[in-house]
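S.K.: Provided herewith is a single structure, encoded as structure tokens, for subsequent inquiry.
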Amino acid sequence: MATRGIFETDRFVTSEAVEIDLPAASLPMRMASGAIDLAIVVIVLLLAFWASPWSLVGQDMALLQAILILLLVGSLVAVPVASETFSQGRTLGKLVFGLRTVRDDTGPIGFRHALIRGLTAWFEVWLTAGGLALLIAASNERAKRLGDFLAGTYVVRERVRLSLPAPAEMPAELAPWAIGTDIGVIPDGLAVAVRQFLTRRQELTPPSRAATGSALFSDLMPYVSPPPPPWAHPEAVMSAIMAERRRRDMIKLERDDRLRARVLGPDPLSR
């Protein structure tokens with residue numbers, strides 16, 4: 001497959017074959033959100049201490065130790081783990097700054113990821129007063145702490161302005177062929193690879209551009225029938241396919257909107 005190397009994708013893909021790579025949160029933003037989470041944990045810990053049945057402890061040191069361990073583990077581990085699990089990567093601090101913990105492939109995290117991060121935070125954040133986490137986060141570009149490396153996660157910024165590249169243009173000489181051709185369901189990885197190639201082909205060296213374009217063209221042809229005219233350049237053919245694919249998607253969306261309006265009535269927010 002040609003969808004390897006710089007064109008390999010395992011991230012979010014839009015309907016127009018545009019890959020979205022959410023930017024990692026900076027270290028200062030992670031520290032600020034962590035400070036808010038720390039304040040929440042301290043408040044929870046103080047409330048738990050206040051509400052604990054200390055009058056029942058008496059001289060029982062074993063019961064006292066059990067209560068202290070339960071309070072510490074519950075406040076320092078259980079609260080953050082539960083928060084990230086049920087909110088799919090958010091805590092109150094992350095919510096304030098528009099951050100979210102995601103998997104390395106930008107997918108949502110689960111209980112296993114949150115648990116690994118929470119247990120690791122016990123010693124890299126709490127036992128070292130955040131020194132170990134800060135040292136490790138400052139040494140990599142995604143500001144990942146040890147818990148992120150072990151869980152396969154990182155923290156991203158959700159409130160970003162996405163800049164999408166211009167859509168592929170339809171070559172006039174291939175428009176009649178593209179409009180009448182049958183375009184199958186192109187896999188997301190291949191569609192993204194073709195879209196990125198058409199956008200970045202001017203940056204490639206001539207040998208690399210020719211080799212990559214030829215490989216992508218060969219991978220794309222099984223999804224197209226009838227084949228393009230023999231005189232057509234592979235790059236022009238790929239551009240025509242992507243442009244026609246986008247045009248058909250827009251027609252389908254408009255048709256769905258009209259059907260929805262007839263069934264449900266006009267959208268009151270559009271008035």
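Labels used: A, B, ... for chains in the order of the structure tokens, numbers from 1 for residues in each chain, and numbers from 1 for ligands as shown.
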Let's see if you can do this: from backbone DSSP, list all strand (DSSP E or B) residues in segment 89-234 of chain A, as a list of chain:residue names.
M.R.: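 Filtering segment 89-234 of chain A to strand (DSSP E or B) leaves A:Leu99, A:Arg100, A:Thr101, A:Val102, A:Arg103, A:Pro108, A:Thr153, A:Tyr154, A:Val155, A:Val156, A:Arg157, A:Asp182, A:Ile183, A:Val224, A:Ser225.
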S.K.: For the selection just defined, write its residues with all heavy atoms to a file, as a compact mmCIF listing (two decimals), in the first residue's frame.
M.R.:
```
# COMPACT_ATOMS: atom_id res chain seq x y z
N LEU A 99 -8.73 21.24 27.56
CA LEU A 99 -7.81 20.13 27.33
C LEU A 99 -8.54 18.81 27.47
O LEU A 99 -9.62 18.73 28.05
CB LEU A 99 -6.64 20.18 28.30
CG LEU A 99 -5.87 21.51 28.43
CD1 LEU A 99 -4.75 21.36 29.43
CD2 LEU A 99 -5.35 21.95 27.07
N ARG A 100 -7.94 17.76 26.94
CA ARG A 100 -8.50 16.42 27.08
C ARG A 100 -7.37 15.40 26.93
O ARG A 100 -6.48 15.57 26.08
CB ARG A 100 -9.57 16.15 26.03
CG ARG A 100 -10.20 14.75 26.15
CD ARG A 100 -10.92 14.38 24.87
NE ARG A 100 -12.14 15.14 24.67
CZ ARG A 100 -13.35 14.73 25.07
NH1 ARG A 100 -13.47 13.57 25.70
NH2 ARG A 100 -14.41 15.47 24.85
N THR A 101 -7.42 14.36 27.73
CA THR A 101 -6.47 13.26 27.59
C THR A 101 -7.01 12.28 26.55
O THR A 101 -8.16 11.84 26.64
CB THR A 101 -6.28 12.52 28.93
OG1 THR A 101 -5.83 13.45 29.92
CG2 THR A 101 -5.25 11.42 28.78
N VAL A 102 -6.19 11.95 25.56
CA VAL A 102 -6.58 11.02 24.51
C VAL A 102 -5.49 9.97 24.34
O VAL A 102 -4.39 10.11 24.86
CB VAL A 102 -6.80 11.74 23.16
CG1 VAL A 102 -7.94 12.75 23.25
CG2 VAL A 102 -5.53 12.43 22.69
N ARG A 103 -5.82 8.91 23.62
CA ARG A 103 -4.82 7.91 23.29
C ARG A 103 -3.82 8.48 22.29
O ARG A 103 -4.07 9.52 21.67
CB ARG A 103 -5.47 6.65 22.70
CG ARG A 103 -6.50 5.99 23.60
CD ARG A 103 -6.81 4.59 23.07
NE ARG A 103 -7.16 4.60 21.65
CZ ARG A 103 -8.40 4.55 21.19
NH1 ARG A 103 -9.40 4.52 22.03
NH2 ARG A 103 -8.63 4.56 19.89
N PRO A 108 -10.53 8.20 22.18
CA PRO A 108 -10.88 8.44 23.59
C PRO A 108 -10.27 7.39 24.50
O PRO A 108 -10.14 6.22 24.13
CB PRO A 108 -12.41 8.36 23.59
CG PRO A 108 -12.74 7.49 22.41
CD PRO A 108 -11.69 7.79 21.38
N THR A 153 -0.93 7.60 26.16
CA THR A 153 -1.84 8.73 26.06
C THR A 153 -1.05 10.03 25.97
O THR A 153 0.16 10.06 26.20
CB THR A 153 -2.78 8.81 27.28
OG1 THR A 153 -1.98 8.97 28.47
CG2 THR A 153 -3.62 7.56 27.39
N TYR A 154 -1.73 11.11 25.66
CA TYR A 154 -1.19 12.46 25.78
C TYR A 154 -2.36 13.43 25.89
O TYR A 154 -3.51 13.05 25.67
CB TYR A 154 -0.25 12.81 24.62
CG TYR A 154 -0.90 13.13 23.29
CD1 TYR A 154 -0.84 14.42 22.76
CD2 TYR A 154 -1.53 12.14 22.53
CE1 TYR A 154 -1.41 14.71 21.53
CE2 TYR A 154 -2.09 12.43 21.31
CZ TYR A 154 -2.03 13.71 20.81
OH TYR A 154 -2.59 14.01 19.59
N VAL A 155 -2.08 14.66 26.25
CA VAL A 155 -3.12 15.66 26.47
C VAL A 155 -3.15 16.61 25.27
O VAL A 155 -2.10 17.11 24.86
CB VAL A 155 -2.87 16.45 27.77
CG1 VAL A 155 -3.95 17.50 27.98
CG2 VAL A 155 -2.84 15.49 28.97
N VAL A 156 -4.33 16.84 24.74
CA VAL A 156 -4.48 17.70 23.56
C VAL A 156 -5.29 18.94 23.90
O VAL A 156 -6.01 18.99 24.90
CB VAL A 156 -5.18 16.94 22.40
CG1 VAL A 156 -4.38 15.72 22.00
CG2 VAL A 156 -6.59 16.55 22.79
N ARG A 157 -5.17 19.94 23.04
CA ARG A 157 -5.99 21.14 23.12
C ARG A 157 -7.18 20.97 22.20
O ARG A 157 -7.02 20.78 21.00
CB ARG A 157 -5.18 22.38 22.73
CG ARG A 157 -4.11 22.77 23.73
CD ARG A 157 -3.44 24.07 23.36
NE ARG A 157 -2.62 23.95 22.16
CZ ARG A 157 -2.80 24.63 21.04
NH1 ARG A 157 -3.78 25.51 20.95
NH2 ARG A 157 -2.00 24.46 20.01
N ASP A 182 -18.00 5.59 -11.82
CA ASP A 182 -18.47 4.98 -10.58
C ASP A 182 -17.31 4.98 -9.59
O ASP A 182 -16.28 4.35 -9.83
CB ASP A 182 -18.95 3.55 -10.85
CG ASP A 182 -19.46 2.87 -9.58
OD1 ASP A 182 -19.79 3.59 -8.62
OD2 ASP A 182 -19.50 1.63 -9.56
N ILE A 183 -17.48 5.70 -8.48
CA ILE A 183 -16.43 5.80 -7.46
C ILE A 183 -16.88 4.99 -6.24
O ILE A 183 -17.91 5.28 -5.64
CB ILE A 183 -16.18 7.27 -7.05
CG1 ILE A 183 -15.78 8.09 -8.27
CG2 ILE A 183 -15.09 7.34 -5.98
CD1 ILE A 183 -15.58 9.57 -7.98
N VAL A 224 -12.37 2.76 -8.92
CA VAL A 224 -12.92 3.63 -9.97
C VAL A 224 -13.24 2.80 -11.21
O VAL A 224 -12.44 1.96 -11.63
CB VAL A 224 -11.91 4.74 -10.35
CG1 VAL A 224 -12.49 5.61 -11.45
CG2 VAL A 224 -11.58 5.58 -9.13
N SER A 225 -14.42 3.03 -11.78
CA SER A 225 -14.82 2.33 -13.00
C SER A 225 -15.77 3.23 -13.80
O SER A 225 -16.71 3.80 -13.21
CB SER A 225 -15.51 1.01 -12.67
OG SER A 225 -15.89 0.34 -13.84
```
S.K.: Need to verify the contact set: segment 120-123 of chain A, 9 Å, only C-alpha atoms, exclusion of same-chain residues closer than 6 positions in sequence. Can you return it as a list in words?
M.R.: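 The neighbour list is Val73, Leu76, Val77, Ala129, Gly130, Leu132, Ala133, Arg145, Leu146, Gly147, Asp148 and Leu150 of chain A.
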S.K.: For Ala172 of chain A, find every residue with an atom within 12 Å (counting only C-alpha atoms), except residues of its own chain fewer than 2 positions away, and show them as an MDAnalysis selection string.
M.R.: chainID A and resid 169:170 174:179 232 236:237 239:240 243:244
S.K.: Name the residues of segment 2-225 of chain A that come out as helix (DSSP H, G or I) in a backbone DSSP run; write them as a ChimeraX atom specification.
M.R.: /A:5-7,27-51,54-56,61-86,92-97,111-126,131-137,146-151,172-180,188-203,206-223
S.K.: Quick one: everything within 8 Å of Glu235 of chain A, counting only C-alpha atoms, minus sequence neighbours fewer than 3 positions away in the same chain. Send it as a ChimeraX atom specification.
M.R.: /A:198,213,217,238-239
S.K.: Give the answer as one residue: which of A:Gly34, A:Pro234, A:Pro227, A:Gly89 has the shortest atom-to-atom distance to Thr106 of chain A, using only C-alpha atoms?
M.R.: A:Gly89
S.K.: Which residues are near Ile116 of chain A? Cut-off 6 Å, only C-alpha atoms, ignore same chain within fewer than 3 positions. Put them as number ranges by chain.
M.R.: A: 113, 119, 151
S.K.: What does the file look like for those residues with C-alpha atoms, as a compact mmCIF listing (two decimals), in the first residue's frame?
M.R.:
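Generated file (result-v2.txt):
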```txt
# COMPACT_ATOMS: atom_id res chain seq x y z
CA HIS A 113 -5.70 4.30 30.53
CA LEU A 119 -1.55 4.93 39.75
CA ALA A 151 -0.75 4.31 29.25
```
S.K.: Show which residues sit within 8 Å of segment 43-48 of chain A, as a compact mmCIF listing (two decimals) with all heavy atoms, in the first residue's frame. Count only C-alpha atoms, and ignore same-chain residues fewer than 2 positions away.
M.R.:
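Dumped to result.txt:
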```txt
# COMPACT_ATOMS: atom_id res chain seq x y z
N ALA A 39 -6.17 21.49 43.58
CA ALA A 39 -7.05 22.17 44.53
C ALA A 39 -8.32 21.35 44.78
O ALA A 39 -8.79 21.26 45.92
CB ALA A 39 -7.41 23.55 44.00
N ILE A 40 -8.85 20.73 43.73
CA ILE A 40 -10.05 19.90 43.89
C ILE A 40 -9.75 18.69 44.78
O ILE A 40 -10.53 18.33 45.67
CB ILE A 40 -10.57 19.44 42.52
CG1 ILE A 40 -11.00 20.66 41.68
CG2 ILE A 40 -11.73 18.47 42.68
CD1 ILE A 40 -12.09 21.47 42.29
N VAL A 41 -8.60 18.07 44.55
CA VAL A 41 -8.23 16.90 45.35
C VAL A 41 -8.06 17.28 46.82
O VAL A 41 -8.50 16.57 47.72
CB VAL A 41 -6.94 16.27 44.80
CG1 VAL A 41 -6.39 15.23 45.77
CG2 VAL A 41 -7.19 15.63 43.44
N TRP A 50 -13.04 15.52 57.34
CA TRP A 50 -14.06 16.11 58.23
C TRP A 50 -15.23 15.16 58.45
O TRP A 50 -15.79 15.08 59.54
CB TRP A 50 -14.55 17.41 57.62
CG TRP A 50 -15.65 18.05 58.41
CD1 TRP A 50 -15.56 18.73 59.58
CD2 TRP A 50 -17.05 18.02 58.07
NE1 TRP A 50 -16.79 19.16 60.00
CE2 TRP A 50 -17.73 18.72 59.08
CE3 TRP A 50 -17.77 17.48 57.01
CZ2 TRP A 50 -19.11 18.90 59.06
CZ3 TRP A 50 -19.15 17.64 56.99
CH2 TRP A 50 -19.80 18.35 58.02
N ALA A 51 -15.58 14.40 57.38
CA ALA A 51 -16.74 13.53 57.47
C ALA A 51 -16.41 12.14 58.00
O ALA A 51 -17.33 11.33 58.21
CB ALA A 51 -17.40 13.41 56.10
N SER A 52 -15.16 11.83 58.20
CA SER A 52 -14.78 10.48 58.64
C SER A 52 -15.20 10.24 60.10
O SER A 52 -15.16 11.17 60.92
CB SER A 52 -13.28 10.27 58.50
OG SER A 52 -12.90 10.36 57.14
N LEU A 71 -8.71 7.14 52.63
CA LEU A 71 -8.92 8.55 52.27
C LEU A 71 -7.89 9.01 51.25
O LEU A 71 -8.23 9.70 50.28
CB LEU A 71 -8.85 9.42 53.54
CG LEU A 71 -9.98 9.25 54.55
CD1 LEU A 71 -9.74 10.15 55.75
CD2 LEU A 71 -11.32 9.58 53.92
N LEU A 72 -6.62 8.63 51.46
CA LEU A 72 -5.58 9.07 50.54
C LEU A 72 -5.74 8.46 49.16
O LEU A 72 -5.68 9.15 48.14
CB LEU A 72 -4.20 8.73 51.12
CG LEU A 72 -3.75 9.54 52.33
CD1 LEU A 72 -2.44 9.01 52.88
CD2 LEU A 72 -3.62 11.02 51.97
N SER A 75 -8.88 9.91 47.43
CA SER A 75 -8.76 11.30 46.98
C SER A 75 -7.71 11.47 45.90
O SER A 75 -7.93 12.20 44.92
CB SER A 75 -8.42 12.20 48.17
OG SER A 75 -9.41 12.12 49.17
```
S.K.: Point out the residue among A:Gly107, A:Gly180, A:Pro226, A:Pro28 with the least atom-to-atom distance to Arg248 of chain A, counting only C-alpha atoms.
M.R.: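 So, comparing all the options, the nearest one is A:Gly180.
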